[in-house]
file start-v2.tsv (TSV, C-alpha atoms)
chain	number	residue	atom	x	y	z
A	861	MET	CA	-16.07	-10.75	-13.19
A	862	TRP	CA	-17.85	-10.75	-9.84
A	863	ASN	CA	-20.11	-13.83	-9.46
A	864	SER	CA	-18.87	-15.22	-12.76
A	865	PHE	CA	-18.70	-18.83	-11.57
A	866	SER	CA	-21.23	-21.59	-11.99
A	867	THR	CA	-22.65	-22.91	-8.73
A	868	ASP	CA	-21.69	-26.46	-9.67
A	869	ALA	CA	-18.04	-25.38	-10.08
A	870	PRO	CA	-17.06	-22.86	-7.41
A	871	PRO	CA	-13.42	-21.73	-7.58
A	872	ALA	CA	-10.96	-23.80	-5.56
A	873	ILE	CA	-7.76	-22.24	-4.32
A	874	SER	CA	-4.97	-22.90	-1.88
A	875	ALA	CA	-3.30	-20.12	0.04
A	876	GLY	CA	-0.62	-19.55	2.61
A	877	GLY	CA	2.78	-18.11	3.41
A	878	THR	CA	6.05	-18.74	1.64
A	879	THR	CA	9.49	-17.22	1.30
A	880	TYR	CA	11.54	-16.43	-1.78
A	881	ALA	CA	14.87	-14.78	-2.53
A	882	GLY	CA	14.29	-11.05	-3.06
A	883	ALA	CA	16.59	-8.05	-3.37
A	884	ASN	CA	20.18	-8.75	-2.25
A	885	GLY	CA	19.26	-12.42	-1.91
A	886	ASP	CA	17.26	-11.68	1.27
A	887	GLN	CA	14.56	-14.23	2.10
A	888	ILE	CA	11.28	-12.33	1.69
A	889	HIS	CA	8.03	-13.48	3.26
A	890	ALA	CA	5.07	-13.54	0.94
A	891	TYR	CA	1.43	-14.63	0.85
A	892	VAL	CA	0.55	-16.79	-2.11
A	893	ALA	CA	-2.88	-17.80	-3.32
A	894	ARG	CA	-3.22	-20.08	-6.33
A	895	PRO	CA	-6.06	-21.74	-8.19
A	896	GLU	CA	-6.20	-25.50	-7.95
A	897	GLY	CA	-5.81	-27.37	-11.21
A	898	GLU	CA	-3.31	-27.81	-13.98
A	899	GLY	CA	-3.71	-24.37	-15.49
A	900	PRO	CA	-1.78	-22.87	-17.06
A	901	PHE	CA	-2.46	-19.73	-15.08
A	902	PRO	CA	-1.19	-16.17	-15.37
A	903	GLY	CA	0.47	-14.60	-12.32
A	904	ILE	CA	-0.01	-11.32	-10.49
A	905	VAL	CA	2.31	-9.61	-8.01
A	906	VAL	CA	0.12	-7.91	-5.40
A	907	MET	CA	1.83	-4.86	-3.89
A	908	MET	CA	0.86	-4.14	-0.30
A	909	HIS	CA	-0.12	-0.69	0.93
A	910	MET	CA	1.29	1.70	3.50
A	911	PRO	CA	-1.07	0.64	6.33
A	912	GLY	CA	0.59	-2.75	6.27
A	913	TRP	CA	0.75	-6.29	4.92
A	914	ASP	CA	-2.65	-6.89	6.35
A	915	GLU	CA	-5.85	-8.88	6.19
A	916	PHE	CA	-7.19	-6.77	3.34
A	917	TYR	CA	-4.19	-7.79	1.28
A	918	GLN	CA	-4.62	-11.46	2.10
A	919	GLU	CA	-8.24	-11.26	0.94
A	920	PHE	CA	-7.23	-9.27	-2.13
A	921	THR	CA	-4.66	-11.94	-3.03
A	922	ARG	CA	-7.20	-14.75	-2.54
A	923	ARG	CA	-9.76	-12.89	-4.63
A	924	LEU	CA	-7.33	-12.80	-7.57
A	925	ALA	CA	-6.69	-16.54	-7.18
A	926	ASN	CA	-10.45	-17.14	-7.17
A	927	HIS	CA	-10.47	-15.48	-10.56
A	928	GLY	CA	-7.76	-17.70	-12.03
A	929	TYR	CA	-4.44	-16.04	-11.21
A	930	ILE	CA	-1.46	-17.27	-9.20
A	931	ALA	CA	-1.08	-14.29	-6.88
A	932	ILE	CA	1.88	-13.46	-4.65
A	933	SER	CA	1.90	-10.58	-2.20
A	934	PRO	CA	5.42	-9.90	-0.88
A	935	ASP	CA	5.74	-8.58	2.67
A	936	LEU	CA	7.87	-5.57	1.75
A	937	TYR	CA	8.20	-4.76	5.46
A	938	CYS	CA	9.49	-8.16	6.62
A	939	ARG	CA	13.06	-6.94	7.08
A	940	ALA	CA	11.66	-4.74	9.90
A	941	GLY	CA	10.62	-7.85	11.79
A	942	HIS	CA	7.35	-9.58	12.51
A	943	GLY	CA	4.38	-8.75	14.66
A	944	SER	CA	0.94	-7.33	14.12
A	945	PRO	CA	0.62	-5.68	10.69
A	946	ASP	CA	0.02	-2.24	12.16
A	947	ASP	CA	2.95	-2.44	14.61
A	948	ILE	CA	5.30	-3.33	11.75
A	949	ALA	CA	3.79	-0.67	9.48
A	950	ALA	CA	4.21	1.94	12.22
A	951	LYS	CA	7.88	1.02	12.59
A	952	VAL	CA	8.50	1.24	8.86
A	953	ARG	CA	6.58	4.52	8.64
A	954	ALA	CA	8.72	6.03	11.41
A	955	ASP	CA	11.85	4.89	9.57
A	956	GLY	CA	10.79	6.72	6.40
A	957	GLY	CA	9.39	3.77	4.47
A	958	VAL	CA	11.26	1.13	2.48
A	959	PRO	CA	13.89	2.03	-0.17
A	960	ASP	CA	12.66	2.07	-3.76
A	961	ASP	CA	15.67	0.07	-5.02
A	962	GLN	CA	14.85	-2.68	-2.54
A	963	VAL	CA	11.18	-2.72	-3.55
A	964	VAL	CA	12.11	-3.01	-7.22
A	965	GLY	CA	14.43	-5.92	-6.39
A	966	ASP	CA	11.84	-7.74	-4.27
A	967	THR	CA	9.17	-7.23	-6.92
A	968	ALA	CA	11.28	-8.30	-9.89
A	969	ALA	CA	12.15	-11.46	-7.97
A	970	ALA	CA	8.45	-12.09	-7.29
A	971	MET	CA	7.75	-11.74	-11.02
A	972	GLN	CA	10.45	-14.33	-11.76
A	973	TRP	CA	9.04	-16.60	-9.04
A	974	LEU	CA	5.66	-16.51	-10.75
A	975	ARG	CA	7.13	-17.29	-14.17
A	976	SER	CA	9.01	-20.21	-12.68
A	977	GLN	CA	5.83	-21.87	-11.41
A	978	PRO	CA	5.27	-25.13	-13.32
A	979	ASN	CA	1.70	-24.16	-14.24
A	980	SER	CA	2.45	-20.56	-15.22
A	981	ASN	CA	1.19	-19.40	-18.61
A	982	GLY	CA	4.21	-17.12	-18.82
A	983	LYS	CA	2.33	-13.86	-18.27
A	984	VAL	CA	2.66	-11.74	-15.16
A	985	GLY	CA	0.80	-8.63	-14.07
A	986	ILE	CA	1.23	-6.35	-11.08
A	987	ILE	CA	-1.31	-4.43	-9.02
A	988	GLY	CA	-1.18	-2.26	-5.93
A	989	THR	CA	-3.20	0.23	-3.92
A	990	CYS	CA	-1.97	3.40	-2.22
A	991	SER	CA	1.83	3.17	-1.87
A	992	GLY	CA	1.43	-0.20	-3.60
A	993	GLY	CA	0.08	1.57	-6.68
A	994	ARG	CA	3.16	3.75	-6.70
A	995	HIS	CA	5.36	0.69	-6.24
A	996	ALA	CA	3.54	-1.14	-9.07
A	997	VAL	CA	4.25	1.71	-11.50
A	998	LEU	CA	7.83	2.05	-10.25
A	999	ALA	CA	8.68	-1.65	-10.43
A	1000	ALA	CA	7.02	-2.20	-13.81
A	1001	SER	CA	8.94	0.77	-15.24
A	1002	ARG	CA	12.31	-0.29	-13.85
A	1003	ALA	CA	12.05	-4.09	-14.07
A	1004	PRO	CA	11.12	-5.17	-17.61
A	1005	GLY	CA	8.93	-8.21	-18.00
A	1006	PHE	CA	5.52	-7.32	-16.63
A	1007	ASP	CA	2.62	-7.80	-19.05
A	1008	ALA	CA	0.07	-5.54	-17.34
A	1009	VAL	CA	0.15	-2.94	-14.56
A	1010	VAL	CA	-2.69	-1.71	-12.37
A	1011	ASP	CA	-2.25	1.42	-10.27
A	1012	LEU	CA	-5.04	1.94	-7.74
A	1013	TRP	CA	-4.75	5.56	-6.49
A	1014	GLY	CA	-0.96	5.44	-6.06
A	1015	GLY	CA	0.18	8.62	-4.33
A	1016	GLY	CA	3.61	10.00	-5.16
A	1017	VAL	CA	3.88	8.69	-8.75
A	1018	VAL	CA	4.09	12.39	-9.53
A	1019	ALA	CA	5.99	14.17	-6.78
A	1020	PRO	CA	7.69	17.55	-6.42
A	1021	LYS	CA	11.39	17.62	-5.49
A	1022	GLU	CA	10.67	18.58	-1.88
A	1023	GLN	CA	8.76	15.30	-1.34
A	1024	LEU	CA	11.63	13.12	-2.55
A	1025	THR	CA	13.71	11.38	0.13
A	1026	PRO	CA	16.94	9.34	0.16
A	1027	LYS	CA	14.83	6.16	0.17
A	1028	GLN	CA	12.50	7.46	-2.55
A	1029	PRO	CA	14.82	9.69	-4.60
A	1030	VAL	CA	13.01	9.63	-7.95
A	1031	ALA	CA	9.31	10.10	-8.71
A	1032	PRO	CA	8.11	7.04	-10.65
A	1033	VAL	CA	6.68	9.27	-13.39
A	1034	GLU	CA	10.29	10.01	-14.40
A	1035	TYR	CA	10.57	6.38	-15.55
A	1036	THR	CA	7.49	6.53	-17.81
A	1037	LYS	CA	9.61	6.26	-20.97
A	1038	ASP	CA	10.79	2.84	-19.76
A	1039	LEU	CA	7.32	1.39	-19.07
A	1040	GLN	CA	6.72	-1.49	-21.48
A	1041	ALA	CA	3.39	-2.79	-20.20
A	1042	PRO	CA	-0.13	-1.40	-20.57
A	1043	LEU	CA	-1.30	0.51	-17.49
A	1044	LEU	CA	-4.74	0.72	-15.87
A	1045	GLY	CA	-5.18	3.52	-13.33
A	1046	LEU	CA	-8.20	4.01	-11.06
A	1047	PHE	CA	-8.49	7.22	-9.05
A	1048	GLY	CA	-10.99	9.03	-6.83
A	1049	ASN	CA	-11.57	12.65	-7.80
A	1050	GLU	CA	-11.70	13.63	-4.10
A	1051	ASP	CA	-8.23	12.21	-3.43
A	1052	GLN	CA	-5.44	14.65	-2.59
A	1053	ARG	CA	-2.48	12.37	-3.15
A	1054	PRO	CA	-2.77	11.71	-5.99
A	1055	SER	CA	-4.82	14.79	-6.69
A	1056	PRO	CA	-6.65	15.15	-10.01
A	1057	THR	CA	-3.82	17.46	-11.09
A	1058	ASP	CA	-1.23	14.78	-10.23
A	1059	VAL	CA	-3.21	12.27	-12.32
A	1060	ASP	CA	-3.35	14.79	-15.20
A	1061	LYS	CA	0.44	15.10	-15.09
A	1062	HIS	CA	0.88	11.32	-15.08
A	1063	GLU	CA	-1.47	11.05	-18.04
A	1064	GLU	CA	0.40	13.76	-19.97
A	1065	GLU	CA	3.64	11.86	-19.52
A	1066	LEU	CA	2.06	8.59	-20.71
A	1067	LYS	CA	0.71	10.33	-23.82
A	1068	LYS	CA	4.02	12.05	-24.47
A	1069	HIS	CA	5.79	8.68	-24.57
A	1070	GLY	CA	3.05	6.92	-26.52
A	1071	LYS	CA	2.29	4.42	-23.76
A	1072	ALA	CA	-0.78	2.17	-23.68
A	1073	TYR	CA	-2.96	3.13	-20.75
A	1074	GLU	CA	-6.48	3.67	-19.54
A	1075	PHE	CA	-7.38	5.90	-16.60
A	1076	HIS	CA	-10.75	5.97	-14.85
A	1077	ARG	CA	-11.60	8.67	-12.34
A	1078	TYR	CA	-14.50	8.37	-9.96
A	1079	ASP	CA	-16.64	11.18	-8.59
A	1080	GLY	CA	-17.74	10.79	-4.98
A	1081	ALA	CA	-14.65	8.75	-4.14
A	1082	GLY	CA	-11.36	9.63	-2.52
A	1083	HIS	CA	-8.31	7.66	-1.49
A	1084	GLY	CA	-8.85	3.99	-0.83
A	1085	PHE	CA	-12.36	3.54	-2.17
A	1086	PHE	CA	-11.97	-0.26	-2.46
A	1087	TYR	CA	-11.32	-0.58	1.29
A	1088	TYR	CA	-14.44	-2.19	2.71
A	1089	ASP	CA	-12.81	-2.11	6.15
A	1090	ARG	CA	-12.46	1.69	6.11
A	1091	PRO	CA	-14.77	4.74	5.94
A	1092	ALA	CA	-13.29	5.40	2.49
A	1093	TYR	CA	-15.24	2.50	0.97
A	1094	ARG	CA	-17.55	3.48	-1.89
A	1095	GLN	CA	-19.59	0.47	-2.95
A	1096	GLN	CA	-20.67	1.55	-6.42
A	1097	GLN	CA	-17.29	2.90	-7.46
A	1098	ALA	CA	-15.46	-0.11	-6.00
A	1099	MET	CA	-17.64	-2.66	-7.80
A	1100	ASP	CA	-17.19	-0.80	-11.08
A	1101	GLY	CA	-13.47	-0.59	-10.43
A	1102	TRP	CA	-13.15	-4.31	-9.72
A	1103	GLY	CA	-14.90	-4.99	-13.00
A	1104	LYS	CA	-12.34	-2.86	-14.80
A	1105	VAL	CA	-9.46	-4.62	-13.03
A	1106	PHE	CA	-10.75	-8.07	-14.02
A	1107	SER	CA	-11.39	-7.01	-17.63
A	1108	PHE	CA	-7.92	-5.53	-17.91
A	1109	PHE	CA	-6.14	-8.56	-16.53
A	1110	GLU	CA	-8.30	-10.89	-18.64
A	1111	LYS	CA	-7.31	-9.00	-21.79
A	1112	TYR	CA	-3.58	-8.80	-21.13
A	1113	LEU	CA	-2.84	-11.89	-19.08
A	1114	LYS	CA	-5.28	-14.60	-20.12
A	1115	ARG	CA	-5.51	-14.24	-23.89
B	557	MET	CA	-3.58	9.89	0.47
B	558	CYS	CA	-0.29	8.75	1.99
B	559	THR	CA	1.03	12.03	3.34
B	560	GLN	CA	4.55	10.90	4.26
B	561	ILE	CA	4.29	13.17	7.31
B	562	SER	CA	6.31	11.30	9.92
B	563	MET	CA	8.72	12.69	12.50
B	564	ARG	CA	10.20	11.54	15.77
B	565	THR	CA	11.86	12.65	18.95
B	566	ALA	CA	13.75	10.89	21.71
B	567	VAL	CA	11.77	10.66	24.96
B	568	THR	CA	12.42	9.30	28.43
B	569	GLY	CA	9.65	7.64	30.38
B	570	SER	CA	7.40	4.59	30.45
B	571	GLY	CA	4.41	3.42	28.49
B	572	LYS	CA	1.83	0.75	29.11
B	573	GLY	CA	1.31	-1.53	26.12
B	574	THR	CA	-0.44	-4.82	25.53
B	575	SER	CA	2.11	-6.68	27.67
B	576	GLY	CA	2.34	-4.16	30.49
B	577	TRP	CA	4.71	-1.31	31.28
B	578	PHE	CA	7.92	-0.83	29.39
B	579	PRO	CA	10.51	1.96	29.08
B	580	ILE	CA	9.83	4.23	26.11
B	581	SER	CA	12.72	5.86	24.28
B	582	GLN	CA	11.11	7.43	21.22
B	583	ALA	CA	7.91	9.20	20.22
B	584	ASN	CA	6.89	8.93	16.57
B	585	VAL	CA	4.46	11.57	15.37
B	586	GLY	CA	2.72	11.56	12.04
B	587	TYR	CA	-0.38	12.59	10.16
B	588	ASP	CA	-1.53	9.87	7.79
B	589	HIS	CA	-4.00	7.01	7.29
B	590	ALA	CA	-5.66	5.89	10.51
B	591	THR	CA	-5.69	2.21	11.45
B	592	HIS	CA	-8.56	1.97	13.92
B	593	SER	CA	-10.39	5.27	14.25
B	594	GLN	CA	-13.07	6.21	11.76
B	595	LEU	CA	-11.00	9.13	10.51
B	596	GLU	CA	-9.52	8.80	7.05
B	597	HIS	CA	-6.43	10.55	8.35
B	598	ALA	CA	-5.36	11.19	11.91
B	599	LEU	CA	-2.54	12.43	14.07
B	600	LEU	CA	-0.60	9.25	14.78
B	601	LEU	CA	1.26	9.17	18.07
B	602	ASP	CA	3.39	6.12	18.84
B	603	PHE	CA	5.43	5.78	22.03
B	604	VAL	CA	7.99	3.07	21.28
B	605	ASN	CA	11.20	1.41	22.30
B	606	PRO	CA	12.87	0.15	19.11
B	607	GLY	CA	15.28	-1.96	21.11
B	608	LEU	CA	12.38	-4.06	22.41
B	609	GLY	CA	10.83	-4.76	18.99
B	610	ALA	CA	7.91	-3.40	17.03
B	611	SER	CA	5.28	-4.59	19.52
B	612	ALA	CA	6.74	-2.34	22.24
B	613	ARG	CA	4.40	0.40	21.17
B	614	VAL	CA	1.67	2.48	22.72
B	615	ALA	CA	-0.34	3.76	19.76
B	616	VAL	CA	-2.83	6.63	19.74
B	617	GLU	CA	-4.78	8.17	16.87
B	618	MET	CA	-6.67	11.44	17.17
B	619	ASP	CA	-8.07	14.22	15.07
B	620	ILE	CA	-6.39	17.59	14.60
B	621	ALA	CA	-8.61	19.40	17.13
B	622	SER	CA	-7.73	16.81	19.75
B	623	GLY	CA	-4.05	17.22	18.92
B	624	ARG	CA	-4.24	20.96	19.47
B	625	ALA	CA	-6.11	20.44	22.76
B	626	LEU	CA	-3.49	17.92	23.87
B	627	ILE	CA	-0.63	20.29	23.06
B	628	ALA	CA	-2.35	22.99	25.13
B	629	GLN	CA	-2.92	20.71	28.12
B	630	LEU	CA	0.62	19.32	28.00
B	631	GLN	CA	1.96	22.86	28.03
B	632	ALA	CA	-0.41	23.86	30.85
B	633	ALA	CA	0.69	20.89	32.99
B	634	ILE	CA	4.37	21.66	32.40
B	635	ASP	CA	3.87	25.37	33.21
B	636	GLU	CA	2.05	24.62	36.46
B	637	ALA	CA	4.61	22.01	37.53
B	638	GLU	CA	7.43	24.49	36.90
B	639	ARG	CA	5.58	27.32	38.67
B	640	ASN	CA	5.21	25.19	41.78
B	641	GLY	CA	8.79	23.98	41.73
B	642	PHE	CA	7.76	20.34	41.28
B	643	THR	CA	9.88	19.54	38.26
B	644	GLU	CA	12.97	17.30	38.49
call {"tool": "encode", "arguments": {"input": "start-v2.tsv", "output": "structure tokens"}}
result
Amino acid sequence: MWNSFSTDAPPAISAGGTTYAGANGDQIHAYVARPEGEGPFPGIVVMMHMPGWDEFYQEFTRRLANHGYIAISPDLYCRAGHGSPDDIAAKVRADGGVPDDQVVGDTAAAMQWLRSQPNSNGKVGIIGTCSGGRHAVLAASRAPGFDAVVDLWGGGVVAPKEQLTPKQPVAPVEYTKDLQAPLLGLFGNEDQRPSPTDVDKHEEELKKHGKAYEFHRYDGAGHGFFYYDRPAYRQQQAMDGWGKVFSFFEKYLKR
Amino acid sequence: MCTQISMRTAVTGSGKGTSGWFPISQANVGYDHATHSQLEHALLLDFVNPGLGASARVAVEMDIASGRALIAQLQAAIDEAERNGFTE
């Protein structure tokens, strides 16, 4: 939980860049933050969002490490080159995004990387915001082995046929029957993608297949309400949401 | 939300980016999350040259009303240039 450390034992972490073999054996850049100490520690794959592999995501990854998780955030856009996060994101956006198959491959490899860490406790979760929430649901459904999934306002988990593209040919909700991990979803009721109706449809599918999940929907919040660097930030809803994220990961990854 | 609204067109001209002038070959137009402006979503206009790398980019974000005003002024400038026989 927030502020859950003792002042005589503040969390100690190390953080920085690395590379690992992702989809097709490509070397994928990633940002890793890990707690210091013997552990063992659970791992979390942190799925970047559409605006880019950016400073928010570095801080997000470090925050998870501060709370006792080995966290890896793959740069899903690194095949497009390197530069400022928004230049690279703009290039990828103009090219229609990254292919779902490639994302699943990069993410499954990141999960295996976490399990291979000498001080891993063997459990791995996945979390993402925005397109990262969609990717978290997609990857966890198609790549077995995740122990917990967190979807923060992922748009396009439910998508009509006309929104599908060659790079994103299947809406992740179609893979719900294959999801083997419990799912936490946080959504703003003012969001339009996913809209409350989209979230209803996702929930119906989870119930239909008897999946373990919990959804929380926030009034007065729209898309991106955790983003303290954006007008979308909603302090009360974000702090409550972070509490739910930590509780969920504690339950499924630490016990 | 991520709108997935992104389209492009080939262009011929020059743009001034962070490293000076460069030839632009493509204009990317979208409506999605803004990076800098205080809008949650904005018209995203990028003048780029993919052959020179991702940093060869002149980026602009604006609201819908500004986009409509820009379209009108672009059209007005083109019409006047053609009326006066200035176009190449």
call {"tool": "residues_around", "arguments": {"input": "start-v2.tsv", "residues": "Tyr937 in chain A", "least_positions_apart": "3", "cutoff": "12 Å", "atoms": "only C-alpha atoms", "output": "compact mmCIF listing (two decimals) with C-alpha atoms, keeping the file's coordinate frame"}}
result
# COMPACT_ATOMS: atom_id res chain seq x y z
CA GLN A 887 14.56 -14.23 2.10
CA ILE A 888 11.28 -12.33 1.69
CA HIS A 889 8.03 -13.48 3.26
CA ALA A 890 5.07 -13.54 0.94
CA MET A 907 1.83 -4.86 -3.89
CA MET A 908 0.86 -4.14 -0.30
CA HIS A 909 -0.12 -0.69 0.93
CA MET A 910 1.29 1.70 3.50
CA PRO A 911 -1.07 0.64 6.33
CA GLY A 912 0.59 -2.75 6.27
CA TRP A 913 0.75 -6.29 4.92
CA ASP A 914 -2.65 -6.89 6.35
CA SER A 933 1.90 -10.58 -2.20
CA PRO A 934 5.42 -9.90 -0.88
CA ALA A 940 11.66 -4.74 9.90
CA GLY A 941 10.62 -7.85 11.79
CA HIS A 942 7.35 -9.58 12.51
CA GLY A 943 4.38 -8.75 14.66
CA SER A 944 0.94 -7.33 14.12
CA PRO A 945 0.62 -5.68 10.69
CA ASP A 946 0.02 -2.24 12.16
CA ASP A 947 2.95 -2.44 14.61
CA ILE A 948 5.30 -3.33 11.75
CA ALA A 949 3.79 -0.67 9.48
CA ALA A 950 4.21 1.94 12.22
CA LYS A 951 7.88 1.02 12.59
CA VAL A 952 8.50 1.24 8.86
CA ARG A 953 6.58 4.52 8.64
CA ASP A 955 11.85 4.89 9.57
CA GLY A 956 10.79 6.72 6.40
CA GLY A 957 9.39 3.77 4.47
CA VAL A 958 11.26 1.13 2.48
CA PRO A 959 13.89 2.03 -0.17
CA GLN A 962 14.85 -2.68 -2.54
CA VAL A 963 11.18 -2.72 -3.55
CA ASP A 966 11.84 -7.74 -4.27
CA ALA B 610 7.91 -3.40 17.03
call {"tool": "residues_near_point", "arguments": {"input": "start-v2.tsv", "point": "(15.0, 9.5, -1.3)", "cutoff": "10 Å", "atoms": "only C-alpha atoms", "output": "VMD selection string"}}
result
chain A and resid 956 to 960 1021 1023 to 1031
call {"tool": "atom_distance", "arguments": {"input": "start-v2.tsv", "atom1": "CA of Glu596 in chain B", "atom2": "CA of Thr559 in chain B"}}
result
11.6 Å
call {"tool": "atom_distance", "arguments": {"input": "start-v2.tsv", "atom1": "CA of Ile986 in chain A", "atom2": "CA of Phe1006 in chain A"}}
result
7.1 Å
call {"tool": "closest_residue", "arguments": {"input": "start-v2.tsv", "among": "B:Leu599, B:Ile580, B:Ile627, B:Val614", "to": "Ala566 in chain B", "atoms": "all atoms listed in the file"}}
result
B:Ile580
call {"tool": "closest_atom_pairs", "arguments": {"input": "start-v2.tsv", "of": "chain B", "to": "chain A", "cutoff": "8 Å", "atoms": "only C-alpha atoms", "output": "Markdown table"}}
result
| residue | atom | partner | partner_atom | distance |
| --- | --- | --- | --- | --- |
| B:Met557 | CA | A:Arg1053 | CA | 4.5 |
| B:Cys558 | CA | A:Gly1015 | CA | 6.3 |
| B:Thr559 | CA | A:Arg1053 | CA | 7.4 |
| B:Gln560 | CA | A:Gly956 | CA | 7.8 |
| B:Ser562 | CA | A:Ala954 | CA | 6.0 |
| B:Met563 | CA | A:Ala954 | CA | 6.7 |
| B:Arg564 | CA | A:Ala954 | CA | 7.2 |
| B:Asn584 | CA | A:Ala954 | CA | 6.2 |
| B:His589 | CA | A:Pro911 | CA | 7.1 |
| B:Thr591 | CA | A:Pro911 | CA | 7.1 |
| B:Gln594 | CA | A:Pro1091 | CA | 6.2 |
| B:Leu595 | CA | A:Pro1091 | CA | 7.4 |
| B:Glu596 | CA | A:Pro1091 | CA | 6.7 |
| B:Asp602 | CA | A:Ala950 | CA | 7.9 |
| B:Gly609 | CA | A:Gly941 | CA | 7.8 |
| B:Ala610 | CA | A:Asp947 | CA | 5.6 |
| B:Ser611 | CA | A:Asp947 | CA | 5.8 |
| B:Arg613 | CA | A:Asp947 | CA | 7.3 |
call {"tool": "residues_around", "arguments": {"input": "start-v2.tsv", "residues": "range 895-900 of chain A", "least_positions_apart": "3", "cutoff": "6 Å", "atoms": "only C-alpha atoms", "output": "ChimeraX atom specification"}}
result
/A:872-873,925,928,979-981
call {"tool": "write_last_selection", "arguments": {"input": "start-v2.tsv", "atoms": "C-alpha atoms", "output": "compact mmCIF listing (two decimals), keeping the file's coordinate frame"}}
result
# COMPACT_ATOMS: atom_id res chain seq x y z
CA ALA A 872 -10.96 -23.80 -5.56
CA ILE A 873 -7.76 -22.24 -4.32
CA ALA A 925 -6.69 -16.54 -7.18
CA GLY A 928 -7.76 -17.70 -12.03
CA ASN A 979 1.70 -24.16 -14.24
CA SER A 980 2.45 -20.56 -15.22
CA ASN A 981 1.19 -19.40 -18.61
call {"tool": "atom_distance", "arguments": {"input": "start-v2.tsv", "atom1": "CA of Tyr1088 in chain A", "atom2": "CA of Tyr917 in chain A"}}
result
11.8 Å
call {"tool": "residues_around", "arguments": {"input": "start-v2.tsv", "residues": "Ile904 in chain A", "least_positions_apart": "3", "cutoff": "7 Å", "atoms": "only C-alpha atoms", "output": "MDAnalysis selection string"}}
result
chainID A and resid 929:932 984:986
call {"tool": "closest_residue", "arguments": {"input": "start-v2.tsv", "among": "B:Val585, B:Ile561, B:Ala632, B:Ala598", "to": "Met618 in chain B", "atoms": "all atoms listed in the file"}}
result
B:Ala598
call {"tool": "closest_residue", "arguments": {"input": "start-v2.tsv", "among": "A:Asp868, A:Gly1045, A:Pro1032, A:Asn884", "to": "Arg939 in chain A", "atoms": "all atoms listed in the file"}}
result
A:Asn884
call {"tool": "residues_near_point", "arguments": {"input": "start-v2.tsv", "point": "(11.0, -10.8, -11.9)", "cutoff": "12 Å", "atoms": "only C-alpha atoms", "output": "ChimeraX atom specification"}}
result
/A:880-883,903-905,932,963-976,982-986,999-1000,1002-1007
call {"tool": "write_last_selection", "arguments": {"input": "start-v2.tsv", "atoms": "C-alpha atoms", "output": "compact mmCIF listing (two decimals), in the frame of the given file"}}
result
# COMPACT_ATOMS: atom_id res chain seq x y z
CA TYR A 880 11.54 -16.43 -1.78
CA ALA A 881 14.87 -14.78 -2.53
CA GLY A 882 14.29 -11.05 -3.06
CA ALA A 883 16.59 -8.05 -3.37
CA GLY A 903 0.47 -14.60 -12.32
CA ILE A 904 -0.01 -11.32 -10.49
CA VAL A 905 2.31 -9.61 -8.01
CA ILE A 932 1.88 -13.46 -4.65
CA VAL A 963 11.18 -2.72 -3.55
CA VAL A 964 12.11 -3.01 -7.22
CA GLY A 965 14.43 -5.92 -6.39
CA ASP A 966 11.84 -7.74 -4.27
CA THR A 967 9.17 -7.23 -6.92
CA ALA A 968 11.28 -8.30 -9.89
CA ALA A 969 12.15 -11.46 -7.97
CA ALA A 970 8.45 -12.09 -7.29
CA MET A 971 7.75 -11.74 -11.02
CA GLN A 972 10.45 -14.33 -11.76
CA TRP A 973 9.04 -16.60 -9.04
CA LEU A 974 5.66 -16.51 -10.75
CA ARG A 975 7.13 -17.29 -14.17
CA SER A 976 9.01 -20.21 -12.68
CA GLY A 982 4.21 -17.12 -18.82
CA LYS A 983 2.33 -13.86 -18.27
CA VAL A 984 2.66 -11.74 -15.16
CA GLY A 985 0.80 -8.63 -14.07
CA ILE A 986 1.23 -6.35 -11.08
CA ALA A 999 8.68 -1.65 -10.43
CA ALA A 1000 7.02 -2.20 -13.81
CA ARG A 1002 12.31 -0.29 -13.85
CA ALA A 1003 12.05 -4.09 -14.07
CA PRO A 1004 11.12 -5.17 -17.61
CA GLY A 1005 8.93 -8.21 -18.00
CA PHE A 1006 5.52 -7.32 -16.63
CA ASP A 1007 2.62 -7.80 -19.05
call {"tool": "closest_residue", "arguments": {"input": "start-v2.tsv", "among": "B:Ala637, B:Val604, B:Ile620, B:Leu626", "to": "Trp577 in chain B", "atoms": "all atoms listed in the file"}}
result
B:Val604
